[in-house]
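Raw contents of query.cif, mmCIF, C-alpha atoms:
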```cif
data_coords
loop_
_atom_site.group_PDB
_atom_site.id
_atom_site.type_symbol
_atom_site.label_atom_id
_atom_site.label_comp_id
_atom_site.auth_asym_id
_atom_site.auth_seq_id
_atom_site.Cartn_x
_atom_site.Cartn_y
_atom_site.Cartn_z
ATOM 1 C CA MET A 1 14.060 -17.686 0.707
ATOM 2 C CA THR A 2 17.681 -18.322 -0.334
ATOM 3 C CA SER A 3 19.215 -16.946 -3.535
ATOM 4 C CA SER A 4 19.568 -20.475 -4.934
ATOM 5 C CA THR A 5 15.879 -21.140 -4.323
ATOM 6 C CA ILE A 6 14.931 -17.864 -6.038
ATOM 7 C CA THR A 7 17.161 -18.708 -9.015
ATOM 8 C CA ARG A 8 15.587 -22.153 -9.310
ATOM 9 C CA LEU A 9 12.100 -20.632 -9.208
ATOM 10 C CA GLN A 10 13.030 -18.083 -11.861
ATOM 11 C CA ARG A 11 13.938 -20.857 -14.275
ATOM 12 C CA THR A 12 10.366 -22.136 -14.068
ATOM 13 C CA ALA A 13 8.632 -18.779 -13.711
ATOM 14 C CA TYR A 14 6.389 -16.635 -15.888
ATOM 15 C CA THR A 15 6.544 -12.944 -16.607
ATOM 16 C CA SER A 16 3.600 -10.953 -15.290
ATOM 17 C CA SER A 17 2.031 -10.682 -18.751
ATOM 18 C CA ARG A 18 2.320 -14.419 -19.372
ATOM 19 C CA ALA A 19 0.980 -15.290 -15.922
ATOM 20 C CA ALA A 20 -2.015 -12.971 -16.412
ATOM 21 C CA ARG A 21 -2.857 -14.779 -19.676
ATOM 22 C CA GLU A 22 -2.457 -18.185 -18.045
ATOM 23 C CA LEU A 23 -4.840 -17.138 -15.267
ATOM 24 C CA GLY A 24 -7.399 -15.527 -17.565
ATOM 25 C CA LEU A 25 -7.020 -12.117 -15.930
ATOM 26 C CA LYS A 26 -6.790 -8.641 -17.389
ATOM 27 C CA ARG A 27 -3.481 -7.039 -16.537
ATOM 28 C CA SER A 28 -5.178 -4.605 -14.138
ATOM 29 C CA GLU A 29 -6.869 -7.544 -12.366
ATOM 30 C CA PHE A 30 -3.584 -9.412 -12.179
ATOM 31 C CA ASP A 31 -1.721 -6.407 -10.761
ATOM 32 C CA LEU A 32 -4.402 -5.948 -8.112
ATOM 33 C CA ALA A 33 -4.228 -9.637 -7.132
ATOM 34 C CA VAL A 34 -0.455 -9.267 -6.655
ATOM 35 C CA HIS A 35 -1.034 -6.020 -4.714
ATOM 36 C CA LEU A 36 -3.395 -7.854 -2.365
ATOM 37 C CA GLY A 37 -1.020 -10.783 -1.891
ATOM 38 C CA ARG A 38 -3.391 -13.216 -3.606
ATOM 39 C CA ILE A 39 -0.779 -14.067 -6.219
ATOM 40 C CA ARG A 40 2.694 -14.721 -4.822
ATOM 41 C CA THR A 41 5.702 -13.461 -6.758
ATOM 42 C CA VAL A 42 9.478 -13.891 -6.643
ATOM 43 C CA PRO A 43 12.160 -11.292 -7.505
ATOM 44 C CA ASP A 44 13.401 -11.242 -11.090
ATOM 45 C CA GLU A 45 17.081 -10.679 -10.415
ATOM 46 C CA GLY A 46 17.927 -10.791 -14.112
ATOM 47 C CA GLY A 47 15.881 -7.790 -15.187
ATOM 48 C CA GLY A 48 14.301 -6.333 -12.074
ATOM 49 C CA GLY A 49 10.631 -6.521 -11.247
ATOM 50 C CA ARG A 50 8.839 -9.703 -10.245
ATOM 51 C CA ARG A 51 8.059 -13.092 -11.745
ATOM 52 C CA ILE A 52 5.462 -15.739 -10.920
ATOM 53 C CA ALA A 53 6.455 -19.349 -10.341
ATOM 54 C CA ARG A 54 4.671 -21.929 -12.483
ATOM 55 C CA SER A 55 3.751 -23.773 -9.298
ATOM 56 C CA GLU A 56 1.883 -20.649 -8.148
ATOM 57 C CA VAL A 57 -0.029 -20.481 -11.430
ATOM 58 C CA ASP A 58 -0.833 -24.205 -11.124
ATOM 59 C CA ARG A 59 -2.057 -23.685 -7.554
ATOM 60 C CA LEU A 60 -4.444 -20.931 -8.605
ATOM 61 C CA ARG A 61 -5.716 -22.849 -11.613
ATOM 62 C CA ALA A 62 -6.553 -25.781 -9.338
ATOM 63 C CA THR A 63 -8.813 -23.735 -7.035
ATOM 64 C CA ASP A 64 -12.558 -24.339 -7.059
ATOM 65 C CA GLY A 65 -14.463 -22.267 -9.591
ATOM 66 C CA PHE A 66 -11.380 -21.092 -11.487
ATOM 67 C CA PRO A 67 -11.195 -18.690 -13.297
ATOM 68 C CA ASP A 68 -14.441 -17.001 -12.196
ATOM 69 C CA SER A 69 -13.657 -17.366 -8.492
ATOM 70 C CA LEU A 70 -10.273 -15.684 -8.898
ATOM 71 C CA ARG A 71 -11.731 -12.901 -11.012
ATOM 72 C CA GLU A 72 -14.473 -12.287 -8.443
ATOM 73 C CA ARG A 73 -11.899 -11.892 -5.681
ATOM 74 C CA VAL A 74 -10.425 -8.873 -7.475
ATOM 75 C CA ARG A 75 -13.661 -7.323 -8.732
ATOM 76 C CA LEU A 76 -13.729 -3.589 -8.012
ATOM 77 C CA VAL A 77 -16.840 -1.498 -7.531
ATOM 78 C CA GLY A 78 -17.480 2.204 -7.084
ATOM 79 C CA THR A 79 -19.893 3.857 -4.699
ATOM 80 C CA THR A 80 -23.118 3.103 -6.579
ATOM 81 C CA GLU A 81 -22.347 -0.542 -7.267
ATOM 82 C CA GLY A 82 -20.845 -0.966 -3.808
ATOM 83 C CA ALA A 83 -24.104 0.228 -2.259
ATOM 84 C CA LYS A 84 -25.937 -2.404 -4.310
ATOM 85 C CA VAL A 85 -23.547 -5.120 -3.106
ATOM 86 C CA MET A 86 -24.338 -4.147 0.501
ATOM 87 C CA ASP A 87 -28.017 -3.464 -0.229
ATOM 88 C CA ILE A 88 -27.939 0.016 1.316
ATOM 89 C CA PRO A 89 -28.554 3.542 -0.033
ATOM 90 C CA VAL A 90 -25.671 5.300 -1.744
ATOM 91 C CA GLY A 91 -25.642 8.043 0.896
ATOM 92 C CA ARG A 92 -25.199 5.546 3.729
ATOM 93 C CA PHE A 93 -22.449 3.739 1.824
ATOM 94 C CA THR A 94 -20.532 7.008 1.439
ATOM 95 C CA ARG A 95 -20.909 7.809 5.137
ATOM 96 C CA LEU A 96 -19.613 4.373 6.165
ATOM 97 C CA ALA A 97 -16.667 4.730 3.791
ATOM 98 C CA ARG A 98 -15.817 8.171 5.146
ATOM 99 C CA LEU A 99 -15.796 6.673 8.652
ATOM 100 C CA GLY A 100 -13.169 4.170 7.506
ATOM 101 C CA LEU A 101 -15.294 1.097 8.167
ATOM 102 C CA PHE A 102 -14.045 -0.384 4.889
ATOM 103 C CA SER A 103 -11.119 0.739 2.802
ATOM 104 C CA PRO A 104 -10.697 1.593 -0.882
ATOM 105 C CA VAL A 105 -8.000 -0.249 -2.798
ATOM 106 C CA ARG A 106 -7.740 2.073 -5.799
ATOM 107 C CA PHE A 107 -8.899 5.445 -7.050
ATOM 108 C CA TYR A 108 -8.977 7.491 -10.210
ATOM 109 C CA LEU A 109 -9.833 11.032 -11.184
ATOM 110 C CA ASN A 110 -12.809 11.574 -13.441
ATOM 111 C CA ARG A 111 -12.924 14.262 -16.106
ATOM 112 C CA TYR A 112 -14.006 16.798 -13.488
ATOM 113 C CA ARG A 113 -10.947 15.887 -11.385
ATOM 114 C CA ALA A 114 -13.161 14.396 -8.693
ATOM 115 C CA VAL A 115 -11.725 11.416 -6.822
ATOM 116 C CA VAL A 116 -13.545 8.142 -7.525
ATOM 117 C CA TRP A 117 -12.762 5.497 -4.906
ATOM 118 C CA LEU A 118 -12.898 1.800 -5.778
ATOM 119 C CA TYR A 119 -13.537 -1.048 -3.342
ATOM 120 C CA LEU A 120 -13.271 -4.826 -3.393
ATOM 121 C CA ALA A 121 -16.733 -6.271 -3.912
ATOM 122 C CA ASP A 122 -15.999 -9.378 -1.828
ATOM 123 C CA GLU A 123 -14.836 -7.266 1.144
ATOM 124 C CA LEU A 124 -18.054 -5.252 1.034
ATOM 125 C CA ALA A 125 -20.138 -8.412 0.814
ATOM 126 C CA GLU A 126 -18.277 -9.873 3.788
ATOM 127 C CA PHE A 127 -18.799 -6.673 5.807
ATOM 128 C CA ALA A 128 -22.534 -6.896 5.151
ATOM 129 C CA THR A 129 -22.736 -10.493 6.408
ATOM 130 C CA VAL A 130 -21.174 -9.788 9.825
ATOM 131 C CA ALA A 131 -23.927 -9.661 12.430
ATOM 132 C CA GLU A 132 -22.289 -6.850 14.418
ATOM 133 C CA ASN A 133 -22.408 -4.623 11.340
ATOM 134 C CA ARG A 134 -26.106 -5.035 10.616
ATOM 135 C CA PRO A 135 -27.237 -2.029 12.721
ATOM 136 C CA LEU A 136 -24.915 0.196 10.684
ATOM 137 C CA LEU A 137 -26.650 -0.980 7.521
ATOM 138 C CA THR A 138 -30.271 -1.155 8.628
ATOM 139 C CA ALA A 139 -30.807 1.197 11.584
ATOM 140 C CA ARG A 140 -32.803 4.276 10.801
ATOM 141 C CA ARG A 141 -30.097 6.515 12.238
ATOM 142 C CA MET A 142 -26.394 5.968 12.881
ATOM 143 C CA PRO A 143 -25.067 6.085 16.457
ATOM 144 C CA GLU A 144 -24.636 9.632 17.709
ATOM 145 C CA SER A 145 -20.860 9.232 18.088
ATOM 146 C CA LEU A 146 -20.519 8.382 14.391
ATOM 147 C CA ARG A 147 -22.837 11.214 13.365
ATOM 148 C CA ASP A 148 -20.673 13.626 15.354
ATOM 149 C CA LEU A 149 -17.571 12.464 13.470
ATOM 150 C CA LEU A 150 -19.287 12.980 10.138
ATOM 151 C CA ASP A 151 -20.462 16.432 11.216
ATOM 152 C CA GLU A 152 -16.822 17.268 12.002
ATOM 153 C CA GLY A 153 -15.921 16.372 8.414
ATOM 154 C CA VAL A 154 -14.039 13.128 9.053
ATOM 155 C CA ASP A 155 -13.046 11.302 5.863
ATOM 156 C CA LEU A 156 -10.633 8.389 6.265
ATOM 157 C CA ARG A 157 -10.774 7.093 2.708
ATOM 158 C CA ALA A 158 -7.463 8.601 1.614
ATOM 159 C CA ARG A 159 -5.683 7.566 4.815
ATOM 160 C CA ASN A 160 -6.947 3.998 4.545
ATOM 161 C CA TRP A 161 -5.942 3.811 0.885
ATOM 162 C CA ARG A 162 -2.453 5.027 1.799
ATOM 163 C CA GLY A 163 -2.176 2.319 4.439
ATOM 164 C CA ARG A 164 -3.025 -0.420 1.959
ATOM 165 C CA HIS A 165 -0.808 0.971 -0.768
ATOM 166 C CA ARG A 166 2.090 1.469 1.635
ATOM 167 C CA GLY A 167 1.796 -2.121 2.856
ATOM 168 C CA PHE A 168 1.970 -3.389 -0.708
ATOM 169 C CA LEU A 169 5.078 -1.339 -1.494
ATOM 170 C CA LEU A 170 6.819 -2.390 1.735
ATOM 171 C CA ARG A 171 6.206 -6.063 0.940
ATOM 172 C CA LEU A 172 8.096 -5.576 -2.331
ATOM 173 C CA ALA A 173 11.062 -3.795 -0.710
ATOM 174 C CA GLN A 174 14.230 -5.876 -0.873
ATOM 175 C CA ASP A 175 16.541 -3.928 1.448
ATOM 176 C CA PRO A 176 16.384 -1.215 4.136
ATOM 177 C CA TRP A 177 16.938 1.656 1.694
ATOM 178 C CA GLU A 178 13.960 0.551 -0.400
ATOM 179 C CA SER A 179 11.800 0.364 2.720
ATOM 180 C CA ALA A 180 12.959 3.820 3.775
ATOM 181 C CA GLY A 181 12.206 5.170 0.294
ATOM 182 C CA VAL A 182 8.668 3.819 0.507
ATOM 183 C CA LEU A 183 8.057 5.457 3.886
ATOM 184 C CA ALA A 184 9.559 8.748 2.699
ATOM 185 C CA ALA A 185 7.161 8.817 -0.265
ATOM 186 C CA PHE A 186 4.225 9.437 2.080
ATOM 187 C CA LEU A 187 5.758 12.445 3.876
ATOM 188 C CA ASP A 188 5.703 15.980 2.547
ATOM 189 C CA PRO A 189 9.101 17.484 1.599
ATOM 190 C CA VAL A 190 9.246 19.819 4.608
ATOM 191 C CA ARG A 191 8.736 17.023 7.142
ATOM 192 C CA LEU A 192 11.146 14.805 5.239
ATOM 193 C CA ALA A 193 13.873 17.485 5.271
ATOM 194 C CA GLU A 194 13.413 17.891 9.026
ATOM 195 C CA LEU A 195 13.765 14.170 9.606
ATOM 196 C CA VAL A 196 16.578 13.597 7.086
ATOM 197 C CA PRO A 197 18.780 16.737 7.049
ATOM 198 C CA ASP A 198 21.619 14.999 5.156
ATOM 199 C CA PRO A 199 21.138 15.840 1.428
ATOM 200 C CA TYR A 200 23.014 12.702 0.339
ATOM 201 C CA GLU A 201 20.641 10.517 2.304
ATOM 202 C CA ARG A 202 17.652 12.379 0.880
ATOM 203 C CA SER A 203 19.085 11.786 -2.599
ATOM 204 C CA ARG A 204 19.400 8.096 -1.800
ATOM 205 C CA LEU A 205 15.798 7.996 -0.586
ATOM 206 C CA SER A 206 14.628 9.723 -3.774
ATOM 207 C CA ARG A 207 16.207 6.942 -5.818
ATOM 208 C CA PHE A 208 13.961 4.401 -4.091
ATOM 209 C CA ARG A 209 10.913 6.647 -3.749
ATOM 210 C CA PRO A 210 7.984 4.991 -5.574
ATOM 211 C CA ALA A 211 6.051 7.231 -7.908
ATOM 212 C CA PRO A 212 2.431 8.102 -7.105
ATOM 213 C CA PRO A 213 -0.228 6.205 -9.043
ATOM 214 C CA ALA A 214 -0.288 7.387 -12.653
ATOM 215 C CA HIS A 215 -3.280 9.730 -12.540
ATOM 216 C CA GLY A 216 -1.943 12.940 -13.974
ATOM 217 C CA VAL A 217 1.280 14.624 -14.990
ATOM 218 C CA PRO A 218 3.249 16.088 -12.046
ATOM 219 C CA ALA A 219 2.732 19.837 -11.482
ATOM 220 C CA THR A 220 -0.657 19.738 -13.241
ATOM 221 C CA PRO A 221 -3.841 20.168 -11.176
ATOM 222 C CA ALA A 222 -4.559 16.433 -11.478
ATOM 223 C CA GLY A 223 -1.006 15.530 -10.534
ATOM 224 C CA GLN A 224 -1.091 17.849 -7.534
ATOM 225 C CA LEU A 225 -4.320 16.265 -6.335
ATOM 226 C CA VAL A 226 -2.766 12.795 -6.555
ATOM 227 C CA GLU A 227 0.259 14.038 -4.602
ATOM 228 C CA LYS A 228 -2.093 15.382 -1.931
ATOM 229 C CA ILE A 229 -3.812 12.007 -1.625
ATOM 230 C CA MET A 230 -0.406 10.292 -1.430
ATOM 231 C CA THR A 231 0.876 12.568 1.361
ATOM 232 C CA ALA A 232 -0.014 11.785 4.968
ATOM 233 C CA ASP A 233 -2.003 14.536 6.667
ATOM 234 C CA ASP A 234 -3.348 12.719 9.720
ATOM 235 C CA PRO A 235 -1.278 13.471 12.870
ATOM 236 C CA ALA A 236 -1.236 9.854 14.046
ATOM 237 C CA GLU A 237 -0.273 8.585 10.596
ATOM 238 C CA THR A 238 2.468 11.203 10.265
ATOM 239 C CA ALA A 239 3.891 10.352 13.693
ATOM 240 C CA TRP A 240 3.956 6.652 12.796
ATOM 241 C CA LEU A 241 5.721 7.387 9.502
ATOM 242 C CA ARG A 242 8.362 9.529 11.203
ATOM 243 C CA THR A 243 9.120 6.793 13.743
ATOM 244 C CA GLU A 244 9.221 4.007 11.156
ATOM 245 C CA LEU A 245 11.374 6.042 8.767
ATOM 246 C CA ALA A 246 13.851 6.811 11.551
ATOM 247 C CA ARG A 247 14.117 3.103 12.299
ATOM 248 C CA ALA A 248 14.458 2.182 8.622
ATOM 249 C CA LEU A 249 17.218 4.772 8.209
ATOM 250 C CA GLU A 250 19.134 3.311 11.153
ATOM 251 C CA ASP A 251 19.072 -0.070 9.418
ATOM 252 C CA ALA A 252 19.912 1.454 6.030
ATOM 253 C CA ARG A 253 22.950 3.330 7.368
ATOM 254 C CA ARG A 254 24.316 0.131 8.892
ATOM 255 C CA PHE A 255 23.488 -1.872 5.784
ATOM 256 C CA ARG A 256 25.079 0.531 3.294
ATOM 257 C CA PRO A 257 25.781 4.231 4.014
ATOM 258 C CA ALA A 258 24.506 6.709 1.453
ATOM 259 C CA PRO A 259 27.201 7.422 -1.179
ATOM 260 C CA ARG A 260 28.854 10.822 -0.933
ATOM 261 C CA PRO A 261 31.889 12.557 -2.475
ATOM 262 C CA ALA A 262 35.289 11.436 -1.221
ATOM 263 C CA GLY A 263 36.246 13.178 1.995
ATOM 264 C CA ARG A 264 32.671 14.030 2.959
ATOM 265 C CA GLN A 265 31.703 12.669 6.327
ATOM 266 C CA ALA A 266 28.168 11.744 7.241
ATOM 267 C CA PRO A 267 26.766 14.143 9.857
ATOM 268 C CA SER A 268 26.078 12.770 13.292
ATOM 269 C CA VAL A 269 22.448 11.820 13.655
ATOM 270 C CA PRO A 270 20.757 12.120 17.049
ATOM 271 C CA PRO A 271 18.902 8.996 18.151
ATOM 272 C CA ALA A 272 15.252 8.989 17.131
ATOM 273 C CA GLU A 273 12.618 9.345 19.811
ATOM 274 C CA GLU A 274 10.933 5.989 20.250
ATOM 275 C CA PRO A 275 7.783 4.996 22.106
ATOM 276 C CA ALA A 276 9.375 2.089 23.952
ATOM 277 C CA PRO A 277 12.708 0.285 24.319
ATOM 278 C CA ARG A 278 13.405 -2.205 21.576
ATOM 279 C CA GLU A 279 16.042 -4.737 20.666
ATOM 280 C CA PRO A 280 18.999 -3.038 18.947
ATOM 281 C CA SER A 281 18.912 -3.507 15.172
ATOM 282 C CA ARG A 282 21.904 -4.490 13.105
ATOM 283 C CA GLY A 283 21.357 -3.220 9.605
ATOM 284 C CA LEU A 284 19.935 -5.840 7.288
ATOM 285 C CA LEU A 285 19.314 -8.344 10.086
ATOM 286 C CA GLY A 286 17.239 -5.878 12.101
ATOM 287 C CA TRP A 287 15.321 -4.829 8.995
ATOM 288 C CA LEU A 288 14.548 -8.459 8.091
ATOM 289 C CA ARG A 289 13.318 -9.179 11.611
ATOM 290 C CA ARG A 290 10.932 -6.230 11.623
ATOM 291 C CA ARG A 291 9.808 -6.950 8.048
ATOM 292 C CA SER A 292 8.914 -10.553 8.875
ATOM 293 C CA ALA A 293 7.115 -9.388 12.030
#
```

Kindly present the structure from the file in structure tokens form.
Amino acid sequence: MTSSTITRLQRTAYTSSRAARELGLKRSEFDLAVHLGRIRTVPDEGGGGRRIARSEVDRLRATDGFPDSLRERVRLVGTTEGAKVMDIPVGRFTRLARLGLFSPVRFYLNRYRAVVWLYLADELAEFATVAENRPLLTARRMPESLRDLLDEGVDLRARNWRGRHRGFLLRLAQDPWESAGVLAAFLDPVRLAELVPDPYERSRLSRFRPAPPAHGVPATPAGQLVEKIMTADDPAETAWLRTELARALEDARRFRPAPRPAGRQAPSVPPAEEPAPREPSRGLLGWLRRRSA
């Protein structure tokens, strides 16, 4: 989308609050619809953030069953209600969620600082209608391979939430440094320092590092728990993040080197280990190609 097209759209665009009112959504429902890509937005270059074109609002208002159909598509349910949607016991629902067979889209901490995962009701309903999934819902016992995973303590809910949240943040990134900041937000500080030894580049990443979901003040027990959920702890996920961050940093350095005091030279950076040969990137162009892919 060209800058002139974005400017033209902005002239006929709503703020998020106005668009939510026009669509009959609570602000939390609206934000989730944007998160899921069900409401398209354009950059607000005047004041930062995002705006919603009037044509997008008109498109949604013209859909069958509006506004109830739109509201149903962003309806969130917890474990008990989710089990009712799928018509299975609560215990089986929890086991399926731990196995990563469906993914939470949000979470919050209750007053006991226990994590409460929230799921999309329509995704759960769709899962229950797929014929291949019926044995998981109705069989007296789960397959032995899945029972073994549960006995080992597998719980993929946090990892799957991170994947969804990371995808949302990457879709909003507008340049390679923003993408790199998003990826860095899911690595713990020790791993990040190993991967990015240059303090000026780490400072640049911190500028674009998105904050964790607002579920507790940092350094409090609640805030520390949210940070733990936000930080990758699965070896495969961590390896993927390291590789993607290395690639994003290559693009970011070509696009715009991290600012540093006059006379300071950027340290030489060894090439990142990569799983397979790839087409050389050229800063913003390489980032845009991978982003569109």

Would you translate the PyMOL selection byres ((chain A and resi 163) around 12) into the concrete set of residues it matches in this file, as a PDB file with C-alpha atoms, in the coordinates of the input?
```pdb
ATOM      1  CA  GLY A 100     -13.169   4.170   7.506  1.00  0.00           C
ATOM      2  CA  SER A 103     -11.119   0.739   2.802  1.00  0.00           C
ATOM      3  CA  PRO A 104     -10.697   1.593  -0.882  1.00  0.00           C
ATOM      4  CA  VAL A 105      -8.000  -0.249  -2.798  1.00  0.00           C
ATOM      5  CA  ARG A 106      -7.740   2.073  -5.799  1.00  0.00           C
ATOM      6  CA  LEU A 156     -10.633   8.389   6.265  1.00  0.00           C
ATOM      7  CA  ARG A 157     -10.774   7.093   2.708  1.00  0.00           C
ATOM      8  CA  ALA A 158      -7.463   8.601   1.614  1.00  0.00           C
ATOM      9  CA  ARG A 159      -5.683   7.566   4.815  1.00  0.00           C
ATOM     10  CA  ASN A 160      -6.947   3.998   4.545  1.00  0.00           C
ATOM     11  CA  TRP A 161      -5.942   3.811   0.885  1.00  0.00           C
ATOM     12  CA  ARG A 162      -2.453   5.027   1.799  1.00  0.00           C
ATOM     13  CA  ARG A 164      -3.025  -0.420   1.959  1.00  0.00           C
ATOM     14  CA  HIS A 165      -0.808   0.971  -0.768  1.00  0.00           C
ATOM     15  CA  ARG A 166       2.090   1.469   1.635  1.00  0.00           C
ATOM     16  CA  GLY A 167       1.796  -2.121   2.856  1.00  0.00           C
ATOM     17  CA  PHE A 168       1.970  -3.389  -0.708  1.00  0.00           C
ATOM     18  CA  LEU A 169       5.078  -1.339  -1.494  1.00  0.00           C
ATOM     19  CA  LEU A 170       6.819  -2.390   1.735  1.00  0.00           C
ATOM     20  CA  VAL A 182       8.668   3.819   0.507  1.00  0.00           C
ATOM     21  CA  LEU A 183       8.057   5.457   3.886  1.00  0.00           C
ATOM     22  CA  PHE A 186       4.225   9.437   2.080  1.00  0.00           C
ATOM     23  CA  ILE A 229      -3.812  12.007  -1.625  1.00  0.00           C
ATOM     24  CA  MET A 230      -0.406  10.292  -1.430  1.00  0.00           C
ATOM     25  CA  THR A 231       0.876  12.568   1.361  1.00  0.00           C
ATOM     26  CA  ALA A 232      -0.014  11.785   4.968  1.00  0.00           C
ATOM     27  CA  ASP A 234      -3.348  12.719   9.720  1.00  0.00           C
ATOM     28  CA  GLU A 237      -0.273   8.585  10.596  1.00  0.00           C
ATOM     29  CA  THR A 238       2.468  11.203  10.265  1.00  0.00           C
ATOM     30  CA  TRP A 240       3.956   6.652  12.796  1.00  0.00           C
ATOM     31  CA  LEU A 241       5.721   7.387   9.502  1.00  0.00           C
TER      32      LEU A 241
END
```

Residue IDs satisfying the PyMOL selection byres ((chain A and resi 53) around 8), as a VMD selection string: chain A and resid 9 to 10 12 to 14 41 to 42 51 to 52 54 to 57

Counting only C-alpha atoms, the residue of A:Ala19, A:Arg75, A:Leu99, A:Ala33 that sits nearest Gly153 (chain A): A:Leu99

Length of the CA of Asp251 (chain A) to CA of His35 (chain A) vector [Å]: 25.3 Å

Atomic distance CA of Tyr112 (chain A) - CA of Arg92 (chain A), expressed in Å with one decimal: 23.4 Å

Nearby residues (all atoms listed in the file) at most 12 Å from Arg140 (chain A), same-chain spacing under 6 positions excluded, as a ChimeraX atom specification: /A:88-89,92,134

Just-selected residues, C-alpha atoms written as a compact mmCIF listing (two decimals), keeping the file's coordinate frame:
```txt
# COMPACT_ATOMS: atom_id res chain seq x y z
CA ILE A 88 -27.94 0.02 1.32
CA PRO A 89 -28.55 3.54 -0.03
CA ARG A 92 -25.20 5.55 3.73
CA ARG A 134 -26.11 -5.04 10.62
```
